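Trainee: Input file: data_2.txt. Contents: compact mmCIF, C-alpha atoms.
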# COMPACT_ATOMS: atom_id res chain seq x y z
CA MET A 1 -10.89 42.59 24.68
CA GLU A 2 -12.39 41.85 28.02
CA GLN A 3 -11.17 38.56 29.37
CA SER A 4 -11.13 38.91 33.11
CA ARG A 5 -14.58 37.55 33.70
CA TYR A 6 -13.63 34.30 31.98
CA ILE A 7 -10.39 33.67 33.79
CA GLU A 8 -10.44 30.27 35.31
CA PRO A 9 -7.05 28.60 35.65
CA SER A 10 -8.45 25.14 34.97
CA VAL A 11 -9.36 26.10 31.41
CA ASN A 12 -6.63 25.41 28.87
CA LEU A 13 -7.91 27.15 25.77
CA ASP A 14 -5.21 25.65 23.58
CA ALA A 15 -6.43 22.18 24.47
CA VAL A 16 -10.01 23.34 23.96
CA PHE A 17 -9.30 24.59 20.44
CA ALA A 18 -7.40 21.42 19.57
CA ALA A 19 -10.38 19.39 20.77
CA LEU A 20 -12.80 21.52 18.78
CA ALA A 21 -10.75 21.20 15.59
CA ASP A 22 -12.35 17.80 14.86
CA PRO A 23 -15.86 17.60 13.30
CA THR A 24 -16.75 14.34 15.06
CA ARG A 25 -15.90 15.82 18.42
CA ARG A 26 -18.00 18.89 17.66
CA ALA A 27 -20.87 16.57 16.74
CA ILE A 28 -20.42 14.71 20.03
CA LEU A 29 -20.59 18.02 21.88
CA SER A 30 -23.79 18.87 20.00
CA ARG A 31 -25.25 15.56 21.13
CA LEU A 32 -24.19 16.15 24.75
CA ALA A 33 -25.62 19.64 24.66
CA THR A 34 -29.05 17.99 24.59
CA GLY A 35 -28.27 15.96 27.72
CA GLU A 36 -25.86 13.41 29.18
CA ALA A 37 -25.31 10.17 27.27
CA SER A 38 -23.39 6.90 27.49
CA VAL A 39 -20.78 5.87 24.92
CA ASN A 40 -23.35 3.54 23.33
CA GLU A 41 -25.89 6.30 23.04
CA ILE A 42 -23.35 8.70 21.58
CA ALA A 43 -22.05 6.14 19.06
CA ALA A 44 -25.50 5.16 17.79
CA PRO A 45 -26.07 7.95 15.23
CA PHE A 46 -22.43 7.98 14.08
CA GLU A 47 -20.69 5.57 11.75
CA ILE A 48 -17.88 5.08 14.21
CA SER A 49 -17.07 2.40 16.75
CA GLN A 50 -17.54 2.71 20.46
CA PRO A 51 -13.77 2.63 21.10
CA ALA A 52 -13.42 5.55 18.67
CA VAL A 53 -16.10 7.46 20.57
CA SER A 54 -14.27 6.68 23.80
CA ARG A 55 -11.06 8.09 22.35
CA HIS A 56 -12.81 11.29 21.26
CA LEU A 57 -14.40 11.56 24.70
CA LYS A 58 -10.95 11.31 26.31
CA VAL A 59 -9.71 14.24 24.22
CA LEU A 60 -12.80 16.23 25.18
CA GLU A 61 -12.35 15.24 28.81
CA ARG A 62 -8.70 16.33 28.86
CA ALA A 63 -9.71 19.68 27.35
CA GLY A 64 -12.21 20.07 30.20
CA LEU A 65 -15.19 20.13 27.85
CA VAL A 66 -16.73 16.89 29.08
CA GLU A 67 -16.92 15.02 32.36
CA ARG A 68 -17.80 11.37 32.94
CA GLY A 69 -20.24 10.15 35.54
CA VAL A 70 -19.19 7.75 38.29
CA ASP A 71 -21.88 5.19 37.48
CA GLU A 72 -19.64 2.18 36.72
CA GLN A 73 -22.00 0.70 34.15
CA ARG A 74 -22.84 3.67 31.97
CA ARG A 75 -20.29 6.32 32.86
CA PRO A 76 -22.48 8.92 31.15
CA ALA A 77 -20.67 11.84 29.53
CA ARG A 78 -21.79 15.35 30.35
CA LEU A 79 -21.00 18.66 28.69
CA LYS A 80 -19.06 21.13 30.83
CA ALA A 81 -20.66 24.18 29.33
CA ASP A 82 -18.60 26.72 31.30
CA ASN A 83 -15.33 25.72 29.65
CA LEU A 84 -16.87 25.61 26.22
CA ALA A 85 -18.29 29.06 26.87
CA ALA A 86 -14.79 30.34 27.69
CA ALA A 87 -13.48 29.18 24.32
CA THR A 88 -16.41 30.44 22.29
CA ALA A 89 -16.28 33.73 24.16
CA TRP A 90 -12.65 34.18 23.17
CA LEU A 91 -13.36 33.73 19.48
CA ALA A 92 -16.58 35.68 19.66
CA GLU A 93 -14.74 38.61 21.25
CA PHE A 94 -11.94 38.59 18.69
CA GLN A 95 -14.49 38.60 15.89
CA ALA A 96 -16.89 40.96 17.67
CA PHE A 97 -14.09 43.43 18.26
CA TRP A 98 -13.63 44.11 14.56
CA GLN A 99 -17.29 43.73 13.70
CA GLY A 100 -18.35 46.14 16.44
CA SER A 101 -15.58 48.58 15.61
CA PHE A 102 -16.47 48.59 11.92
CA ASP A 103 -20.11 49.22 12.82
CA GLN A 104 -19.03 52.25 14.83
CA LEU A 105 -16.72 53.36 12.02
CA ASN A 106 -19.72 53.32 9.74
CA ASP A 107 -21.61 55.60 12.15
CA VAL A 108 -18.68 58.03 12.28
CA LEU A 109 -18.54 58.15 8.47
CA VAL A 110 -22.26 58.89 8.26
CA GLN A 111 -21.79 61.80 10.68
CA LEU A 112 -18.75 63.13 8.80
CA LYS A 113 -20.60 63.04 5.51
CA LYS A 114 -23.53 64.93 7.03
CA ALA A 115 -21.17 67.55 8.49
CA GLU A 116 -19.41 67.98 5.15
CA ALA A 117 -22.68 68.28 3.28
CA LYS A 118 -23.76 71.04 5.67
CA GLU A 119 -20.51 72.98 5.19
CA THR A 120 -20.63 72.87 1.43
CA GLY A 121 -24.33 73.57 1.34
CA HIS A 122 -25.15 70.30 -0.37
CA ASP A 123 -27.71 67.86 0.73
CA MET B 124 8.36 28.11 5.22
CA THR B 125 4.92 26.89 6.14
CA GLU B 126 1.96 28.98 5.17
CA LEU B 127 0.77 31.19 7.99
CA PRO B 128 -2.90 31.36 8.97
CA GLU B 129 -4.57 34.64 8.08
CA TYR B 130 -7.62 36.33 9.56
CA ILE B 131 -9.49 38.48 7.05
CA PHE B 132 -12.31 40.90 7.72
CA GLU B 133 -13.75 42.97 4.90
CA ARG B 134 -16.45 45.59 4.71
CA THR B 135 -17.63 48.21 2.24
CA PHE B 136 -18.44 51.70 3.49
CA ASP B 137 -20.64 54.22 1.75
CA ALA B 138 -18.02 56.99 1.74
CA PRO B 139 -15.14 58.09 -0.50
CA ARG B 140 -11.70 56.70 0.23
CA ASP B 141 -10.13 59.95 1.49
CA LEU B 142 -12.79 60.21 4.17
CA VAL B 143 -12.40 56.59 5.24
CA TRP B 144 -8.63 57.05 5.39
CA ARG B 145 -9.14 60.03 7.74
CA THR B 146 -11.17 57.92 10.17
CA TRP B 147 -8.20 55.56 10.56
CA THR B 148 -5.44 58.15 10.67
CA ASP B 149 -6.89 61.07 12.65
CA PRO B 150 -6.69 59.97 16.30
CA ALA B 151 -9.66 62.16 17.24
CA LEU B 152 -11.81 60.20 14.79
CA LEU B 153 -10.09 56.87 15.37
CA LYS B 154 -10.84 56.82 19.08
CA ARG B 155 -14.53 57.34 18.36
CA TRP B 156 -14.89 53.97 16.69
CA TYR B 157 -11.95 51.75 17.60
CA GLY B 158 -13.13 49.31 20.29
CA PRO B 159 -16.82 48.43 20.38
CA ASN B 160 -18.72 50.18 23.18
CA ILE B 161 -15.44 50.85 24.93
CA GLU B 162 -13.77 54.11 25.95
CA THR B 163 -10.58 54.26 23.90
CA VAL B 164 -7.64 56.47 24.88
CA ILE B 165 -4.91 57.02 22.30
CA HIS B 166 -1.74 57.86 24.23
CA LYS B 167 0.47 58.31 21.21
CA TYR B 168 -0.11 58.27 17.49
CA GLU B 169 2.73 58.78 15.03
CA LEU B 170 1.50 58.25 11.49
CA LYS B 171 4.69 57.18 9.71
CA ALA B 172 6.71 54.04 9.10
CA GLY B 173 8.57 53.39 12.36
CA GLY B 174 5.98 55.40 14.32
CA VAL B 175 3.88 53.97 17.12
CA TRP B 176 0.22 54.01 18.17
CA LEU B 177 -0.23 53.34 21.88
CA ASN B 178 -3.78 52.37 22.65
CA GLU B 179 -5.71 51.87 25.87
CA MET B 180 -9.22 50.52 26.05
CA ARG B 181 -10.88 51.28 29.37
CA MET B 182 -13.25 48.62 30.57
CA SER B 183 -15.15 48.00 33.73
CA LYS B 184 -12.59 45.52 35.00
CA GLY B 185 -9.42 47.33 34.02
CA SER B 186 -7.72 48.47 30.86
CA ASP B 187 -6.55 46.57 27.83
CA PHE B 188 -3.30 47.93 26.40
CA SER B 189 -1.90 47.41 22.95
CA ARG B 190 0.81 48.95 20.82
CA MET B 191 0.85 49.19 17.08
CA ASP B 192 4.22 49.75 15.40
CA PHE B 193 3.68 51.13 11.91
CA GLU B 194 5.63 49.44 9.14
CA GLU B 195 4.00 51.15 6.19
CA VAL B 196 1.88 54.26 5.79
CA SER B 197 0.75 54.79 2.18
CA PRO B 198 -2.09 57.32 2.05
CA PRO B 199 -4.81 56.69 1.17
CA GLU B 200 -4.25 53.05 0.27
CA ARG B 201 -2.50 51.02 2.88
CA LEU B 202 -1.59 50.85 6.54
CA VAL B 203 0.60 48.08 7.93
CA TRP B 204 1.43 47.68 11.59
CA ARG B 205 2.60 45.09 14.09
CA HIS B 206 -0.24 44.68 16.57
CA ALA B 207 0.85 43.58 20.02
CA SER B 208 -0.86 43.27 23.36
CA THR B 209 1.17 44.85 26.14
CA ASP B 210 1.31 45.55 29.85
CA ALA B 211 0.54 49.04 31.21
CA ASP B 212 4.15 50.09 30.41
CA TRP B 213 3.76 49.16 26.74
CA ASN B 214 6.02 46.11 26.97
CA ILE B 215 4.85 43.30 24.71
CA ALA B 216 3.30 40.59 26.85
CA SER B 217 1.57 37.34 26.10
CA ASN B 218 -2.01 36.93 27.18
CA PRO B 219 -2.29 35.38 30.66
CA MET B 220 -5.53 33.66 29.70
CA MET B 221 -4.14 32.17 26.54
CA PRO B 222 -0.33 32.06 26.48
CA ASP B 223 -0.21 30.59 22.98
CA TRP B 224 -2.28 33.34 21.39
CA PRO B 225 0.13 35.19 19.03
CA ARG B 226 1.79 38.10 20.82
CA ILE B 227 2.21 39.99 17.55
CA LEU B 228 -0.19 40.09 14.62
CA LEU B 229 0.96 41.73 11.40
CA THR B 230 -2.05 43.83 10.51
CA THR B 231 -2.59 45.13 6.99
CA VAL B 232 -5.46 47.50 6.24
CA THR B 233 -6.14 48.06 2.57
CA PHE B 234 -8.48 50.81 1.39
CA ILE B 235 -9.97 49.90 -1.98
CA ASP B 236 -11.44 52.78 -3.97
CA ASP B 237 -14.87 51.98 -5.36
CA GLY B 238 -16.08 55.43 -6.48
CA ASP B 239 -18.41 56.77 -3.81
CA LYS B 240 -17.75 53.68 -1.76
CA THR B 241 -14.67 52.23 -0.13
CA THR B 242 -13.92 48.64 0.75
CA VAL B 243 -11.73 48.17 3.80
CA ARG B 244 -9.89 44.88 4.00
CA LEU B 245 -8.27 43.96 7.29
CA SER B 246 -5.80 41.10 7.44
CA GLN B 247 -4.01 39.72 10.50
CA VAL B 248 -1.19 37.17 10.41
CA PRO B 249 1.01 36.03 13.32
CA VAL B 250 4.56 37.39 13.12
CA ASP B 251 7.74 36.08 14.75
CA ALA B 252 5.43 33.44 16.13
CA THR B 253 6.37 30.19 17.82
CA GLN B 254 4.94 27.03 16.29
CA ALA B 255 2.55 26.86 19.25
CA GLU B 256 1.31 30.38 18.51
CA VAL B 257 0.84 29.59 14.83
CA ASN B 258 -1.07 26.40 15.69
CA CYS B 259 -3.25 28.19 18.21
CA PHE B 260 -4.14 30.97 15.76
CA ALA B 261 -4.67 28.49 12.90
CA MET B 262 -7.10 26.46 14.98
CA ALA B 263 -8.96 29.52 16.13
CA MET B 264 -9.20 30.81 12.54
CA ALA B 265 -10.36 27.43 11.25
CA ASN B 266 -13.03 27.29 13.92
CA MET B 267 -14.15 30.80 13.13
CA ASP B 268 -14.30 30.38 9.35
CA LYS B 269 -15.74 26.97 8.75
CA GLY B 270 -15.62 24.89 11.89
CA TRP B 271 -18.55 26.68 13.43
CA GLY B 272 -20.99 24.90 11.17
CA SER B 273 -24.57 24.01 11.78
CA GLY B 274 -23.68 21.59 14.57
CA TYR B 275 -21.82 24.32 16.31
CA ALA B 276 -24.65 26.80 15.91
CA ILE B 277 -26.76 24.44 18.00
CA ILE B 278 -24.21 24.54 20.80
CA ASP B 279 -24.17 28.32 20.62
CA GLU B 280 -27.92 28.41 21.06
CA ILE B 281 -27.81 26.06 24.00
CA LEU B 282 -25.01 28.01 25.61
CA ALA B 283 -27.10 31.15 25.22
CA GLU B 284 -30.00 29.40 26.96
CA LEU B 285 -27.75 28.16 29.76
CA GLN B 286 -26.40 31.64 30.32
CA ALA B 287 -29.72 33.43 30.10
Is it possible to give me this structure as C-alpha cells?
Mentor:
Amino acid sequence: MEQSRYIEPSVNLDAVFAALADPTRRAILSRLATGEASVNEIAAPFEISQPAVSRHLKVLERAGLVERGVDEQRRPARLKADNLAAATAWLAEFQAFWQGSFDQLNDVLVQLKKAEAKETGHD
Amino acid sequence: MTELPEYIFERTFDAPRDLVWRTWTDPALLKRWYGPNIETVIHKYELKAGGVWLNEMRMSKGSDFSRMDFEEVSPPERLVWRHASTDADWNIASNPMMPDWPRILLTTVTFIDDGDKTTVRLSQVPVDATQAEVNCFAMAMANMDKGWGSGYAIIDEILAELQA
C-alpha cells in the first residue's frame, strides 16, 4: 500500500483514529467541514453543553484534526483537512487494496473460463 | 482473553471452486491480480504449511514488501497465513507511518463451494499483537464498518472537493 506521499511526521494516526472513534466528534468535524465555527456555533445543533464541545475540540486539536483561531473572543475552530485526509487515506487504501485485488481476480477468472471453454470446444 | 477485532471481506465469483483456488495458489495467476494496479513480483511461493510467500509490490515511490507464512493449506477449501509487512530483506517491520498498526495479521481465506459459483471469504485478525496494536486495528475496523456513517460521507465529499 502506497504511503509515502502521506508521510508527515506531525500526523499521529493513532490519535486521529482515537479521535474519530466518537460520533459526536465526527459530527463536529462534519460541521467544521462546512466552515470555521466558534464553540457556541458548534454547540447549537447538539444537545451537549459548551464545555463538552470544548473538551471534544481539545481531543480533535491534539489529534491535529482541528486548529483554533487566535481571535480571543471567538477562537473559531477550523478543520485541518490534510491530517484527516491522511487517516481516511490509510483506511481507504487498506480497504481498496482488497477491493481492487478482488476486482482484478474477477477479471482473471473471466479470462481463464474463456480460455478453458476454447480448449474444450464449449461456448 | 479479550476478543480480537476482525476484518472481513467477502465476494462471490462466477467460477467453480477449483478454478478460484488456482488463482490464489498458482503464482503466475496470483501475481496478475494481487495488488490493485500495481506490478507484483512473487519472489518465493511455497504452497504448504510452514512454507513462505515473499511478495513485492512495485510502486512509483518504491516497493512495498510483505511476507506470508503459511499455517494451513487445505485445497481447495482453506488457506491460512501470517501476513506481515517487512523491510527489503524480509524482516518483519512495523510501519513507519503508523507504528501501532498490527505487524502481523492472521489471514484466513475460505473458498465456499456454491455450484458454478464460489464465495471467497477473507478474514484478518491481529496476531501476537500488543494492546496498542489491537486498539489501533479495532478502531480502524470500527471506523470502516460502521463509523463512516452519513456524517462521515459528507466529510469524504468535502475532502474530495478540497483535493480536486
Trainee: May I have the residues within 7 Å of Arg68 in chain A as a PyMOL selection string, using only C-alpha atoms and disregarding those fewer than 2 positions away in the same chain?
Mentor: chain A and resi 66+70+75-78
Trainee: When you count only C-alpha atoms, which of these residues is closest to Ser189 in chain B: B:Glu126, B:Asp149, B:Asp212, B:Asp223?
Mentor: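 Distance minimum relative to Ser189 in chain B lands on B:Asp212.
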Trainee: Please report as a compact mmCIF listing (two decimals) with C-alpha atoms, keeping the file's coordinate frame which residues of chain A come no farther than 7 Å from chain B, using only C-alpha atoms.
Mentor:
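For reference, part02.txt as written:
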# COMPACT_ATOMS: atom_id res chain seq x y z
CA MET A 1 -10.89 42.59 24.68
CA ILE A 7 -10.39 33.67 33.79
CA LEU A 13 -7.91 27.15 25.77
CA ASP A 14 -5.21 25.65 23.58
CA PHE A 17 -9.30 24.59 20.44
CA ALA A 18 -7.40 21.42 19.57
CA ALA A 21 -10.75 21.20 15.59
CA ARG A 26 -18.00 18.89 17.66
CA ALA A 27 -20.87 16.57 16.74
CA SER A 30 -23.79 18.87 20.00
CA ALA A 33 -25.62 19.64 24.66
CA ALA A 81 -20.66 24.18 29.33
CA ALA A 85 -18.29 29.06 26.87
CA LEU A 91 -13.36 33.73 19.48
CA PHE A 97 -14.09 43.43 18.26
CA GLY A 100 -18.35 46.14 16.44
CA SER A 101 -15.58 48.58 15.61
CA GLN A 104 -19.03 52.25 14.83
CA LEU A 105 -16.72 53.36 12.02
CA ASN A 106 -19.72 53.32 9.74
CA LEU A 109 -18.54 58.15 8.47
Trainee: Please compute the CA of Pro199 in chain B-CA of Thr230 in chain B distance, one decimal, in Å.
Mentor: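 Atom-to-atom, CA of Pro199 in chain B and CA of Thr230 in chain B are spaced 16.1 Å apart.
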Trainee: Calculate how many Å separate CA of Lys240 in chain B from CA of Leu177 in chain B, rounding to one decimal.
Mentor: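 These two atoms are separated by 29.4 Å.
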Trainee: Could you tell me how far CA of Ile227 in chain B sits from CA of Val248 in chain B, in Å to one decimal place?
Mentor: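 CA of Val248 in chain B sits 8.4 Å away from CA of Ile227 in chain B.
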Trainee: Could you give me the axis-aligned bounding box of range 22-38 of chain A, with 8 Å of padding per side, as centre plus edge lengths in Å to one decimal, as JSON?
Mentor:
{"center_x": -20.7, "center_y": 13.3, "center_z": 21.2, "size_x": 32.7, "size_y": 28.7, "size_z": 31.9}
Trainee: Which is closest to Arg74 in chain A among A:Thr120, A:Thr34, A:Asn40, A:Ala19, if we use all atoms listed in the file?
Mentor: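 Looking at the shortest contact to Arg74 in chain A, the residue is A:Asn40.
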Trainee: Find the spatial neighbours of range 169-175 of chain B, counting only C-alpha atoms, within a cut-off of 12 Å - ignore same-chain residues fewer than 4 positions away - and output them as JSON, numbers by chain.
Mentor: {"B": [144, 145, 147, 148, 149, 150, 165, 189, 190, 191, 192, 193, 194, 195, 196, 197, 198, 201, 202, 203, 204, 205, 206, 207, 213]}
